[in-house]
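Trainee: Please find entry-v9.txt (compact mmCIF, C-alpha atoms and all ligand atoms) on the next line:
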# COMPACT_ATOMS: atom_id res chain seq x y z
CA MET L 1074 -17.21 0.95 -50.68
CA SER L 1075 -16.01 3.36 -47.98
CA ASP L 1076 -16.09 1.22 -44.87
CA PHE L 1077 -16.46 3.10 -41.57
CA ARG L 1078 -17.96 0.15 -39.64
CA SER L 1079 -14.83 -0.64 -37.66
CA ASP L 1080 -11.06 -0.28 -37.60
CA THR L 1081 -10.93 -4.07 -37.85
CA VAL L 1082 -11.75 -4.05 -41.58
CA THR L 1083 -8.26 -3.12 -42.81
CA ARG L 1084 -6.50 -5.48 -45.22
CA PRO L 1085 -2.80 -6.27 -44.68
CA THR L 1086 -0.42 -3.90 -46.48
CA PRO L 1087 1.97 -5.28 -49.13
CA ALA L 1088 4.78 -4.99 -46.54
CA MET L 1089 2.75 -7.05 -44.06
CA ARG L 1090 2.00 -9.72 -46.65
CA GLU L 1091 5.69 -9.87 -47.48
CA ALA L 1092 6.66 -10.14 -43.79
CA MET L 1093 4.04 -12.84 -43.24
CA ALA L 1094 5.30 -14.86 -46.18
CA ARG L 1095 8.92 -14.62 -45.06
CA ALA L 1096 8.35 -15.14 -41.32
CA GLU L 1097 10.56 -17.65 -39.56
CA VAL L 1098 8.18 -20.04 -37.80
CA GLY L 1099 8.06 -23.06 -35.51
CA ASP L 1100 5.47 -24.98 -33.53
CA ASP L 1101 4.54 -22.47 -30.84
CA VAL L 1102 3.10 -25.20 -28.64
CA LEU L 1103 5.95 -27.70 -28.88
CA ASP L 1104 9.12 -25.63 -29.13
CA GLY L 1105 8.05 -22.01 -29.44
CA ASP L 1106 7.73 -19.98 -32.62
CA PRO L 1107 10.61 -17.50 -33.02
CA THR L 1108 8.48 -14.76 -34.58
CA VAL L 1109 5.77 -15.10 -31.94
CA ARG L 1110 8.51 -14.85 -29.32
CA ARG L 1111 9.83 -11.66 -30.93
CA LEU L 1112 6.34 -10.17 -30.97
CA GLU L 1113 5.69 -11.11 -27.34
CA GLU L 1114 8.98 -9.54 -26.27
CA ALA L 1115 8.37 -6.37 -28.28
CA ALA L 1116 4.82 -6.03 -26.96
CA ALA L 1117 5.89 -6.68 -23.36
CA GLU L 1118 8.53 -3.96 -23.70
CA TRP L 1119 6.09 -1.51 -25.31
CA LEU L 1120 3.65 -2.12 -22.47
CA GLY L 1121 6.33 -2.13 -19.76
CA LYS L 1122 5.34 -5.59 -18.52
CA GLU L 1123 7.51 -8.62 -17.79
CA ARG L 1124 5.86 -10.90 -20.32
CA ALA L 1125 3.18 -10.93 -23.02
CA LEU L 1126 1.22 -13.78 -24.56
CA PHE L 1127 0.00 -13.84 -28.17
CA VAL L 1128 -3.71 -14.71 -28.50
CA PRO L 1129 -6.05 -14.74 -31.51
CA SER L 1130 -8.40 -11.94 -30.42
CA GLY L 1131 -9.10 -9.11 -28.02
CA THR L 1132 -11.94 -11.13 -26.57
CA MET L 1133 -9.60 -13.99 -25.76
CA ALA L 1134 -7.10 -11.56 -24.23
CA ASN L 1135 -9.81 -10.28 -21.87
CA GLN L 1136 -11.04 -13.78 -21.09
CA VAL L 1137 -7.53 -15.03 -20.37
CA ALA L 1138 -7.26 -12.16 -17.87
CA VAL L 1139 -10.63 -12.97 -16.27
CA GLY L 1140 -9.71 -16.66 -16.03
CA ALA L 1141 -6.23 -15.99 -14.67
CA TRP L 1142 -7.38 -13.56 -11.94
CA THR L 1143 -10.57 -15.23 -10.70
CA ARG L 1144 -12.17 -18.41 -9.39
CA PRO L 1145 -15.75 -19.59 -10.08
CA GLY L 1146 -18.20 -17.70 -7.87
CA ASP L 1147 -16.10 -14.52 -7.89
CA GLU L 1148 -17.29 -11.11 -9.07
CA LEU L 1149 -15.61 -8.55 -11.31
CA ILE L 1150 -16.29 -4.83 -11.49
CA ALA L 1151 -16.58 -3.25 -14.93
CA GLN L 1152 -17.86 -0.09 -16.52
CA ARG L 1153 -21.47 -0.60 -17.61
CA TRP L 1154 -20.63 -0.44 -21.37
CA ALA L 1155 -17.20 -2.10 -21.26
CA HIS L 1156 -16.53 -4.67 -23.98
CA VAL L 1157 -15.82 -7.40 -21.44
CA VAL L 1158 -19.39 -7.27 -20.11
CA THR L 1159 -21.27 -5.89 -23.14
CA PHE L 1160 -19.84 -7.53 -26.25
CA GLU L 1161 -18.34 -10.85 -25.16
CA ALA L 1162 -21.60 -12.81 -25.09
CA GLY L 1163 -21.48 -13.39 -21.34
CA ALA L 1164 -18.10 -15.13 -21.57
CA ALA L 1165 -17.01 -14.32 -18.00
CA GLY L 1166 -20.00 -16.23 -16.65
CA TYR L 1167 -20.07 -18.90 -19.33
CA LEU L 1168 -16.38 -19.74 -19.21
CA HIS L 1169 -15.20 -18.83 -15.73
CA GLY L 1170 -18.33 -18.79 -13.50
CA VAL L 1171 -17.71 -15.12 -12.71
CA GLN L 1172 -20.48 -12.56 -12.28
CA ALA L 1173 -20.12 -8.86 -12.96
CA THR L 1174 -21.21 -5.74 -11.19
CA THR L 1175 -21.31 -2.82 -13.62
CA LEU L 1176 -20.99 0.91 -12.92
CA GLY L 1177 -21.39 4.17 -14.77
CA ASP L 1178 -23.20 5.42 -17.84
CA ARG L 1179 -22.77 5.99 -21.58
CA SER L 1180 -19.91 8.41 -20.97
CA GLY L 1181 -17.65 5.43 -20.22
CA HIS L 1182 -16.25 6.98 -17.06
CA LEU L 1183 -15.91 5.39 -13.64
CA ASP L 1184 -16.46 7.20 -10.37
CA PRO L 1185 -13.88 6.16 -7.72
CA ALA L 1186 -16.48 6.48 -4.96
CA GLN L 1187 -18.81 4.07 -6.80
CA VAL L 1188 -15.96 1.63 -7.37
CA LYS L 1189 -15.15 1.71 -3.65
CA ASP L 1190 -18.79 1.17 -2.81
CA ALA L 1191 -19.06 -1.79 -5.20
CA ILE L 1192 -16.27 -3.77 -3.52
CA ARG L 1193 -17.88 -6.58 -1.51
CA PRO L 1194 -17.16 -7.00 2.18
CA ASP L 1195 -15.32 -10.10 3.29
CA PHE L 1196 -18.56 -11.85 4.27
CA LEU L 1197 -19.66 -15.46 3.81
CA HIS L 1198 -22.78 -14.46 1.88
CA CYS L 1199 -21.00 -12.29 -0.70
CA PRO L 1200 -19.01 -13.18 -3.78
CA ARG L 1201 -15.35 -12.20 -3.62
CA THR L 1202 -14.59 -9.05 -5.62
CA ALA L 1203 -11.68 -10.50 -7.56
CA LEU L 1204 -11.02 -8.09 -10.43
CA LEU L 1205 -11.52 -4.52 -11.60
CA THR L 1206 -11.51 -4.11 -15.38
CA LEU L 1207 -10.89 -0.82 -17.20
CA GLU L 1208 -11.10 -0.07 -20.92
CA GLN L 1209 -8.84 2.39 -22.73
CA THR L 1210 -9.94 3.81 -25.10
CA HIS L 1211 -13.60 3.12 -24.35
CA ASN L 1212 -15.22 1.75 -27.49
CA ALA L 1213 -18.95 2.08 -26.74
CA ALA L 1214 -18.43 5.54 -25.25
CA GLY L 1215 -17.08 6.76 -28.59
CA GLY L 1216 -13.35 6.14 -28.21
CA VAL L 1217 -12.95 8.44 -25.21
CA VAL L 1218 -9.64 8.46 -23.36
CA LEU L 1219 -10.16 8.03 -19.63
CA PRO L 1220 -7.98 10.66 -17.95
CA MET L 1221 -4.92 9.45 -16.06
CA GLU L 1222 -6.33 10.78 -12.74
CA GLU L 1223 -9.44 8.64 -13.20
CA VAL L 1224 -7.49 5.50 -14.16
CA ALA L 1225 -4.97 6.01 -11.36
CA GLY L 1226 -7.75 6.88 -8.88
CA VAL L 1227 -9.82 3.76 -9.43
CA ALA L 1228 -6.72 1.56 -9.71
CA ALA L 1229 -5.52 2.86 -6.34
CA ILE L 1230 -8.83 1.91 -4.73
CA ALA L 1231 -8.61 -1.61 -6.14
CA ARG L 1232 -5.02 -1.92 -4.96
CA GLU L 1233 -5.92 -0.74 -1.44
CA HIS L 1234 -8.34 -3.66 -1.32
CA GLY L 1235 -5.89 -6.17 -2.82
CA ILE L 1236 -7.92 -6.43 -6.04
CA PRO L 1237 -6.02 -6.82 -9.33
CA VAL L 1238 -6.76 -4.46 -12.22
CA HIS L 1239 -7.07 -5.56 -15.84
CA LEU L 1240 -6.83 -2.90 -18.53
CA ASP L 1241 -8.60 -3.76 -21.78
CA GLY L 1242 -6.19 -1.91 -24.03
CA ALA L 1243 -7.62 -3.11 -27.34
CA ARG L 1244 -7.12 0.51 -28.50
CA LEU L 1245 -4.49 1.57 -25.98
CA ALA L 1246 -2.31 2.78 -28.87
CA ASN L 1247 -5.01 5.32 -29.77
CA ALA L 1248 -4.98 6.56 -26.17
CA VAL L 1249 -1.19 6.84 -26.28
CA VAL L 1250 -1.30 8.98 -29.43
CA ALA L 1251 -4.23 11.12 -28.24
CA SER L 1252 -2.86 11.73 -24.74
CA GLY L 1253 0.88 11.80 -25.40
CA ILE L 1254 1.21 9.50 -22.37
CA PRO L 1255 3.34 6.40 -23.13
CA ALA L 1256 1.80 2.94 -23.02
CA GLN L 1257 3.94 1.93 -20.05
CA ARG L 1258 2.46 4.68 -17.89
CA TRP L 1259 -1.08 3.57 -18.66
CA ALA L 1260 -0.14 -0.09 -18.22
CA GLU L 1261 1.60 0.46 -14.88
CA GLN L 1262 -1.81 1.33 -13.43
CA ALA L 1263 -2.90 -2.25 -14.13
CA ASP L 1264 -1.73 -5.76 -13.27
CA SER L 1265 -2.62 -7.08 -16.71
CA VAL L 1266 -3.14 -5.25 -19.98
CA SER L 1267 -4.28 -6.31 -23.43
CA LEU L 1268 -3.47 -4.77 -26.80
CA CYS L 1269 -5.02 -5.54 -30.19
CA PHE L 1270 -2.97 -5.46 -33.39
CA SER L 1271 -6.01 -6.01 -35.61
CA LYS L 1272 -7.75 -2.68 -34.89
CA GLY L 1273 -6.22 0.72 -35.69
CA LEU L 1274 -2.73 -0.78 -35.85
CA GLY L 1275 -3.89 -2.57 -38.98
CA ALA L 1276 -2.73 -6.20 -38.67
CA PRO L 1277 -5.10 -8.94 -39.88
CA VAL L 1278 -5.23 -10.98 -36.65
CA GLY L 1279 -4.01 -11.01 -33.10
CA SER L 1280 -3.75 -9.47 -29.66
CA VAL L 1281 -1.53 -9.84 -26.63
CA ILE L 1282 -2.23 -10.10 -22.94
CA ALA L 1283 0.65 -8.88 -20.76
CA GLY L 1284 1.56 -8.95 -17.08
CA ASP L 1285 4.11 -10.37 -14.69
CA GLY L 1286 5.57 -13.85 -15.02
CA GLU L 1287 3.21 -15.52 -12.54
CA PHE L 1288 0.15 -14.02 -14.22
CA ILE L 1289 1.37 -15.19 -17.62
CA GLU L 1290 1.98 -18.73 -16.30
CA ARG L 1291 -1.69 -18.86 -15.26
CA GLY L 1292 -2.66 -17.18 -18.53
CA VAL L 1293 -0.90 -19.87 -20.59
CA LEU L 1294 -3.12 -22.47 -18.92
CA VAL L 1295 -6.30 -20.45 -19.50
CA ARG L 1296 -5.34 -19.86 -23.14
CA LYS L 1297 -4.87 -23.62 -23.53
CA ARG L 1298 -8.31 -24.29 -22.05
CA LEU L 1299 -9.85 -21.73 -24.41
CA GLY L 1300 -8.22 -23.45 -27.38
CA GLY L 1301 -6.11 -20.39 -28.06
CA TRP L 1302 -2.82 -22.18 -28.57
CA MET L 1303 -1.65 -21.68 -32.15
CA ARG L 1304 1.08 -23.52 -33.99
CA GLN L 1305 3.03 -21.71 -36.78
CA ALA L 1306 1.52 -18.44 -35.60
CA GLY L 1307 4.68 -16.58 -36.57
CA HIS L 1308 3.02 -15.84 -39.90
CA LEU L 1309 0.43 -13.81 -38.00
CA ALA L 1310 2.90 -12.41 -35.49
CA ALA L 1311 5.04 -11.03 -38.33
CA ALA L 1312 2.19 -8.76 -39.43
CA ALA L 1313 1.47 -7.81 -35.81
CA LEU L 1314 5.14 -6.87 -35.30
CA LEU L 1315 4.99 -4.50 -38.26
CA ALA L 1316 1.72 -3.10 -36.94
CA LEU L 1317 3.37 -2.32 -33.60
CA GLU L 1318 6.51 -0.88 -35.19
CA GLU L 1319 4.83 1.22 -37.87
CA GLY L 1320 1.16 1.58 -36.95
CA VAL L 1321 1.19 3.68 -33.80
CA GLU L 1322 2.18 7.15 -35.02
CA ARG L 1323 -0.11 6.87 -38.03
CA LEU L 1324 -3.13 6.76 -35.69
CA ALA L 1325 -2.97 10.56 -35.44
CA GLU L 1326 -4.26 10.67 -39.03
CA ASP L 1327 -7.26 8.53 -38.06
CA HIS L 1328 -8.03 10.85 -35.16
CA ALA L 1329 -7.95 13.96 -37.38
CA LEU L 1330 -10.14 12.23 -39.97
CA ALA L 1331 -12.64 11.21 -37.29
CA ARG L 1332 -12.89 14.81 -36.08
CA SER L 1333 -13.56 15.95 -39.64
CA ILE L 1334 -16.48 13.50 -39.86
CA ALA L 1335 -18.05 15.02 -36.75
CA GLU L 1336 -17.49 18.52 -38.14
CA ARG L 1337 -19.01 17.73 -41.51
CA LEU L 1338 -21.94 15.56 -40.43
CA GLY L 1339 -22.70 17.48 -37.25
CA VAL L 1340 -23.84 20.55 -39.19
CA LEU L 1341 -26.32 18.63 -41.36
CA PRO L 1342 -29.98 19.03 -40.38
CA GLY L 1343 -31.23 15.81 -38.81
CA LEU L 1344 -27.81 14.72 -37.53
CA ALA L 1345 -25.87 15.73 -34.43
CA ALA L 1346 -22.21 15.17 -33.60
CA ASP L 1347 -19.80 17.03 -31.36
CA PRO L 1348 -16.28 17.39 -32.84
CA ALA L 1349 -14.94 18.29 -29.39
CA ALA L 1350 -16.10 14.90 -28.10
CA VAL L 1351 -14.03 13.05 -30.71
CA GLU L 1352 -10.79 12.18 -28.93
CA THR L 1353 -9.60 9.27 -31.07
CA ASN L 1354 -10.86 7.32 -34.10
CA ILE L 1355 -14.51 6.75 -33.18
CA VAL L 1356 -17.37 9.17 -33.92
CA MET L 1357 -20.87 8.80 -32.54
CA VAL L 1358 -23.50 10.56 -34.66
CA SER L 1359 -27.06 10.96 -33.38
CA VAL L 1360 -29.83 10.50 -35.90
CA GLU L 1361 -32.44 13.14 -35.08
CA THR L 1362 -34.47 13.25 -38.26
CA PRO L 1363 -37.97 11.72 -38.06
CA ASP L 1364 -37.38 10.22 -41.53
CA HIS L 1365 -34.77 7.74 -40.36
CA ASP L 1366 -33.54 5.72 -37.44
CA ALA L 1367 -29.92 4.52 -37.23
CA ALA L 1368 -30.61 1.23 -39.04
CA SER L 1369 -32.48 2.79 -41.96
CA LEU L 1370 -29.90 5.55 -42.35
CA ALA L 1371 -27.09 2.97 -42.34
CA GLN L 1372 -28.96 1.03 -45.00
CA ALA L 1373 -29.46 4.17 -47.13
CA LEU L 1374 -25.79 5.16 -46.81
CA GLY L 1375 -24.82 1.62 -47.73
CA GLU L 1376 -26.77 1.96 -50.96
CA ARG L 1377 -24.61 5.00 -51.72
CA GLY L 1378 -21.35 3.17 -51.09
CA VAL L 1379 -20.73 4.03 -47.42
CA ARG L 1380 -20.79 1.35 -44.75
CA VAL L 1381 -21.41 2.30 -41.13
CA MET L 1382 -22.60 0.56 -37.98
CA PRO L 1383 -25.73 1.42 -35.97
CA MET L 1384 -25.02 1.48 -32.22
CA GLY L 1385 -28.45 1.70 -30.70
CA GLU L 1386 -31.68 2.94 -32.19
CA ARG L 1387 -30.62 6.49 -33.00
CA VAL L 1388 -26.82 6.40 -33.01
CA LEU L 1389 -24.42 5.60 -35.85
CA ARG L 1390 -20.80 4.74 -35.07
CA PHE L 1391 -18.12 5.74 -37.57
CA VAL L 1392 -14.60 4.41 -37.09
CA THR L 1393 -11.59 5.65 -39.04
CA HIS L 1394 -8.62 3.47 -39.95
CA ARG L 1395 -5.77 2.98 -42.42
CA ASP L 1396 -8.05 2.00 -45.32
CA VAL L 1397 -10.17 5.20 -45.33
CA GLY L 1398 -9.02 8.74 -46.11
CA PRO L 1399 -10.30 12.22 -46.93
CA ALA L 1400 -11.87 11.04 -50.23
CA ASP L 1401 -13.99 8.55 -48.26
CA VAL L 1402 -15.16 11.34 -45.95
CA ASP L 1403 -16.11 13.40 -49.04
CA ARG L 1404 -18.12 10.44 -50.28
CA LEU L 1405 -19.72 10.03 -46.84
CA GLU L 1406 -20.79 13.67 -46.69
CA GLU L 1407 -22.22 13.49 -50.21
CA ALA L 1408 -24.10 10.29 -49.38
CA ALA L 1409 -25.47 11.81 -46.16
CA ARG L 1410 -26.56 15.01 -47.92
CA ALA L 1411 -28.25 13.06 -50.71
CA THR L 1412 -29.99 10.71 -48.26
CA LEU L 1413 -31.23 13.55 -46.03
CA GLY L 1414 -32.20 15.70 -49.02
CA VAL L 1415 -29.81 18.51 -48.03
CA GLY L 1416 -28.27 20.54 -50.85
C1 LIG X 1501 -12.41 -2.44 -26.19
C2 LIG X 1501 -12.43 -3.75 -26.89
N1 LIG X 1501 -11.98 -4.84 -26.25
C3 LIG X 1501 -11.97 -6.04 -26.84
C4 LIG X 1501 -12.43 -6.21 -28.12
C5 LIG X 1501 -12.46 -7.58 -28.73
O1 LIG X 1501 -11.61 -7.73 -29.79
P1 LIG X 1501 -11.84 -8.93 -30.82
O2 LIG X 1501 -12.90 -8.49 -31.76
O3 LIG X 1501 -10.49 -9.09 -31.46
O4 LIG X 1501 -12.22 -10.14 -30.04
C6 LIG X 1501 -12.91 -5.10 -28.83
C7 LIG X 1501 -13.41 -5.26 -30.20
O5 LIG X 1501 -13.90 -4.35 -30.83
C8 LIG X 1501 -12.93 -3.84 -28.19
O6 LIG X 1501 -13.41 -2.75 -28.80
Output the file's structure in the form of structure tokens.

Mentor:
Amino acid sequence: MSDFRSDTVTRPTPAMREAMARAEVGDDVLDGDPTVRRLEEAAAEWLGKERALFVPSGTMANQVAVGAWTRPGDELIAQRWAHVVTFEAGAAGYLHGVQATTLGDRSGHLDPAQVKDAIRPDFLHCPRTALLTLEQTHNAAGGVVLPMEEVAGVAAIAREHGIPVHLDGARLANAVVASGIPAQRWAEQADSVSLCFSKGLGAPVGSVIAGDGEFIERGVLVRKRLGGWMRQAGHLAAAALLALEEGVERLAEDHALARSIAERLGVLPGLAADPAAVETNIVMVSVETPDHDAASLAQALGERGVRVMPMGERVLRFVTHRDVGPADVDRLEEAARATLGVG
């Protein structure tokens, strides 16, 4: 199968398996695990933050941030389609008693004037606006990179109002490669930042949440309450370390492959995709043929050996990663042509 459903589907490389097997480990709760510590230090340095904390998932990284920055009854501001409010099953409310106000549209962008307007006044009847969350790259918007002026602009508004900023950097490495702007410069716009090793970077498990020492102290407690403490997690951290050391530059190949998908599918009758809109490793393809919706087309492609995820009724999302290459895109185009009856 050629699997374009997500960049999370990669299997560990032989080098990762070797590093995992050989990792020096300890009980990360009792005494600290030396390999986890190395990963946390390397990630903190890469992100330009004082400390980083290893957590099992990107969702937990975001929820540690929400828990560490807020109190029950508070409100956070997020982009309408951000992962933290769209794909975390209501965790901010369920776990932390925090409600969200959401802004913007499918493009993934945030308008500074709207952010300013959404900040609650200091008034007994209102929730406290306690957090602004940003997402880079923006998954549901098709992996777009929010421009630095936009990120800096909205972060400045939050800062003027004393509101901390959390950057969901699950795919920050893709933004770094696409923009040429180092991770530290993106991260310095935020008070906390997450990074996933299990997406384009290709590790099997794990994320970090990074920030200053005080934030991390609170984050350790939230992670404990979420059950995110892990014991000999060095076996996982060893793969994540390799992902950070060796996975970043390779992302450029995923971005080029993604663009080629838009170029090759976008010209087929019944499909629409804009190569110019593909900035990183995610391609959104509109299904415009009356013969199929996204779900039925995904099903038909699956029967021809190509797995892909519907994102809405008439949109398919393709994600490139280490375990797909040009031959998989050839197979995808053939499967699409055969399914649509195009010669
Ligand atoms: C932007 C973003 N944040 C967070 C997550 C959550 O990561 P995980 O699946 O590891 O919980 C994802 C997952 O796709 C994501 O795209």

Trainee: Considering all atoms listed in the file, return as an NGL selection string whatever protein or nucleic-acid residues lie within 6 Å of range 1231-1245 of chain L, sequence-local ones (same chain, fewer than 3 positions apart) excluded.

Mentor: :L and (1203-1210 or 1228 or 1248 or 1263-1269)

Trainee: Go ahead and write the residues just picked, C-alpha atoms, as a CSV table (one decimal), keeping the file's coordinate frame.

Mentor:
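Final output, saved to out.csv:
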chain,number,residue,atom,x,y,z
L,1203,ALA,CA,-11.7,-10.5,-7.6
L,1204,LEU,CA,-11.0,-8.1,-10.4
L,1205,LEU,CA,-11.5,-4.5,-11.6
L,1206,THR,CA,-11.5,-4.1,-15.4
L,1207,LEU,CA,-10.9,-0.8,-17.2
L,1208,GLU,CA,-11.1,-0.1,-20.9
L,1209,GLN,CA,-8.8,2.4,-22.7
L,1210,THR,CA,-9.9,3.8,-25.1
L,1228,ALA,CA,-6.7,1.6,-9.7
L,1248,ALA,CA,-5.0,6.6,-26.2
L,1263,ALA,CA,-2.9,-2.2,-14.1
L,1264,ASP,CA,-1.7,-5.8,-13.3
L,1265,SER,CA,-2.6,-7.1,-16.7
L,1266,VAL,CA,-3.1,-5.2,-20.0
L,1267,SER,CA,-4.3,-6.3,-23.4
L,1268,LEU,CA,-3.5,-4.8,-26.8
L,1269,CYS,CA,-5.0,-5.5,-30.2

Trainee: Can you pull out the residues contacting Asp1147 in chain L? Cut-off 12 Å, using only C-alpha atoms, and skip same-chain residues under 6 positions away; I want them as a list in words.

Mentor: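 Final neighbour list, sorted by chain and number: Val1139, Gly1140, Ala1165, Gly1166, His1169, Gly1170, Val1171, Gln1172, Ala1173, Thr1174, Ile1192, Arg1193, His1198, Cys1199, Pro1200, Arg1201, Thr1202, Ala1203, Leu1204, Leu1205 and Ile1236 of chain L.
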
Trainee: Using only C-alpha atoms and all ligand atoms, which of the listed residues (L:Lys1272, L:Arg1304, L:Arg1144, L:His1182) sits closest to ligand LIG 1501 (chain X)?

Mentor: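 Of L:Lys1272, L:Arg1304, L:Arg1144, L:His1182, the one nearest ligand LIG 1501 (chain X), counting only C-alpha atoms and all ligand atoms, is L:Lys1272.
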
Trainee: Which residues sit within 8 Å of ligand LIG 1501 (chain X), counting only C-alpha atoms and all ligand atoms, listed as an MDAnalysis selection string?

Mentor: chainID L and resid 1079 1081 1129:1135 1155:1157 1160:1161 1208:1213 1241:1244 1269 1271:1272 1278:1280

Trainee: What is the CA of Ile1289 in chain L to CA of Leu1168 in chain L distance in Å?

Mentor: 18.4 Å

Trainee: Can you put N, CA and C atoms back into range 1150-1166 of chain L and show it as a PDB file, in the coordinates of the input?

Mentor:
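Once everything was written out, this is selection12.pdb:
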ATOM      1  N   ILE L1150     -15.669  -6.154 -11.343  1.00  0.00           N
ATOM      2  CA  ILE L1150     -16.290  -4.830 -11.490  1.00  0.00           C
ATOM      3  C   ILE L1150     -15.881  -4.291 -12.857  1.00  0.00           C
ATOM      4  N   ALA L1151     -16.883  -3.807 -13.601  1.00  0.00           N
ATOM      5  CA  ALA L1151     -16.580  -3.250 -14.930  1.00  0.00           C
ATOM      6  C   ALA L1151     -17.466  -2.041 -15.170  1.00  0.00           C
ATOM      7  N   GLN L1152     -17.004  -1.201 -16.073  1.00  0.00           N
ATOM      8  CA  GLN L1152     -17.860  -0.090 -16.520  1.00  0.00           C
ATOM      9  C   GLN L1152     -19.067  -0.691 -17.239  1.00  0.00           C
ATOM     10  N   ARG L1153     -20.207  -0.061 -17.098  1.00  0.00           N
ATOM     11  CA  ARG L1153     -21.470  -0.600 -17.610  1.00  0.00           C
ATOM     12  C   ARG L1153     -21.398  -0.994 -19.097  1.00  0.00           C
ATOM     13  N   TRP L1154     -20.671  -0.205 -19.923  1.00  0.00           N
ATOM     14  CA  TRP L1154     -20.630  -0.440 -21.370  1.00  0.00           C
ATOM     15  C   TRP L1154     -19.290  -1.009 -21.825  1.00  0.00           C
ATOM     16  N   ALA L1155     -18.507  -1.523 -20.884  1.00  0.00           N
ATOM     17  CA  ALA L1155     -17.200  -2.100 -21.260  1.00  0.00           C
ATOM     18  C   ALA L1155     -17.396  -3.327 -22.143  1.00  0.00           C
ATOM     19  N   HIS L1156     -16.457  -3.524 -23.052  1.00  0.00           N
ATOM     20  CA  HIS L1156     -16.530  -4.670 -23.980  1.00  0.00           C
ATOM     21  C   HIS L1156     -16.649  -5.977 -23.219  1.00  0.00           C
ATOM     22  N   VAL L1157     -15.901  -6.113 -22.137  1.00  0.00           N
ATOM     23  CA  VAL L1157     -15.820  -7.400 -21.440  1.00  0.00           C
ATOM     24  C   VAL L1157     -17.188  -7.846 -20.890  1.00  0.00           C
ATOM     25  N   VAL L1158     -18.060  -6.889 -20.602  1.00  0.00           N
ATOM     26  CA  VAL L1158     -19.390  -7.270 -20.110  1.00  0.00           C
ATOM     27  C   VAL L1158     -20.496  -7.017 -21.130  1.00  0.00           C
ATOM     28  N   THR L1159     -20.208  -6.277 -22.196  1.00  0.00           N
ATOM     29  CA  THR L1159     -21.270  -5.890 -23.140  1.00  0.00           C
ATOM     30  C   THR L1159     -21.206  -6.697 -24.432  1.00  0.00           C
ATOM     31  N   PHE L1160     -19.978  -6.972 -24.902  1.00  0.00           N
ATOM     32  CA  PHE L1160     -19.840  -7.530 -26.250  1.00  0.00           C
ATOM     33  C   PHE L1160     -19.080  -8.860 -26.279  1.00  0.00           C
ATOM     34  N   GLU L1161     -19.039  -9.565 -25.146  1.00  0.00           N
ATOM     35  CA  GLU L1161     -18.340 -10.850 -25.160  1.00  0.00           C
ATOM     36  C   GLU L1161     -19.294 -11.996 -24.836  1.00  0.00           C
ATOM     37  N   ALA L1162     -20.583 -11.745 -25.145  1.00  0.00           N
ATOM     38  CA  ALA L1162     -21.600 -12.810 -25.090  1.00  0.00           C
ATOM     39  C   ALA L1162     -21.636 -13.537 -23.748  1.00  0.00           C
ATOM     40  N   GLY L1163     -21.399 -12.789 -22.679  1.00  0.00           N
ATOM     41  CA  GLY L1163     -21.480 -13.390 -21.340  1.00  0.00           C
ATOM     42  C   GLY L1163     -20.345 -14.344 -21.025  1.00  0.00           C
ATOM     43  N   ALA L1164     -19.190 -14.151 -21.689  1.00  0.00           N
ATOM     44  CA  ALA L1164     -18.100 -15.130 -21.570  1.00  0.00           C
ATOM     45  C   ALA L1164     -17.588 -15.290 -20.135  1.00  0.00           C
ATOM     46  N   ALA L1165     -17.559 -14.206 -19.366  1.00  0.00           N
ATOM     47  CA  ALA L1165     -17.010 -14.320 -18.000  1.00  0.00           C
ATOM     48  C   ALA L1165     -17.832 -15.311 -17.175  1.00  0.00           C
ATOM     49  N   GLY L1166     -19.146 -15.268 -17.347  1.00  0.00           N
ATOM     50  CA  GLY L1166     -20.000 -16.230 -16.650  1.00  0.00           C
ATOM     51  C   GLY L1166     -19.936 -17.604 -17.285  1.00  0.00           C
TER      52      GLY L1166
END
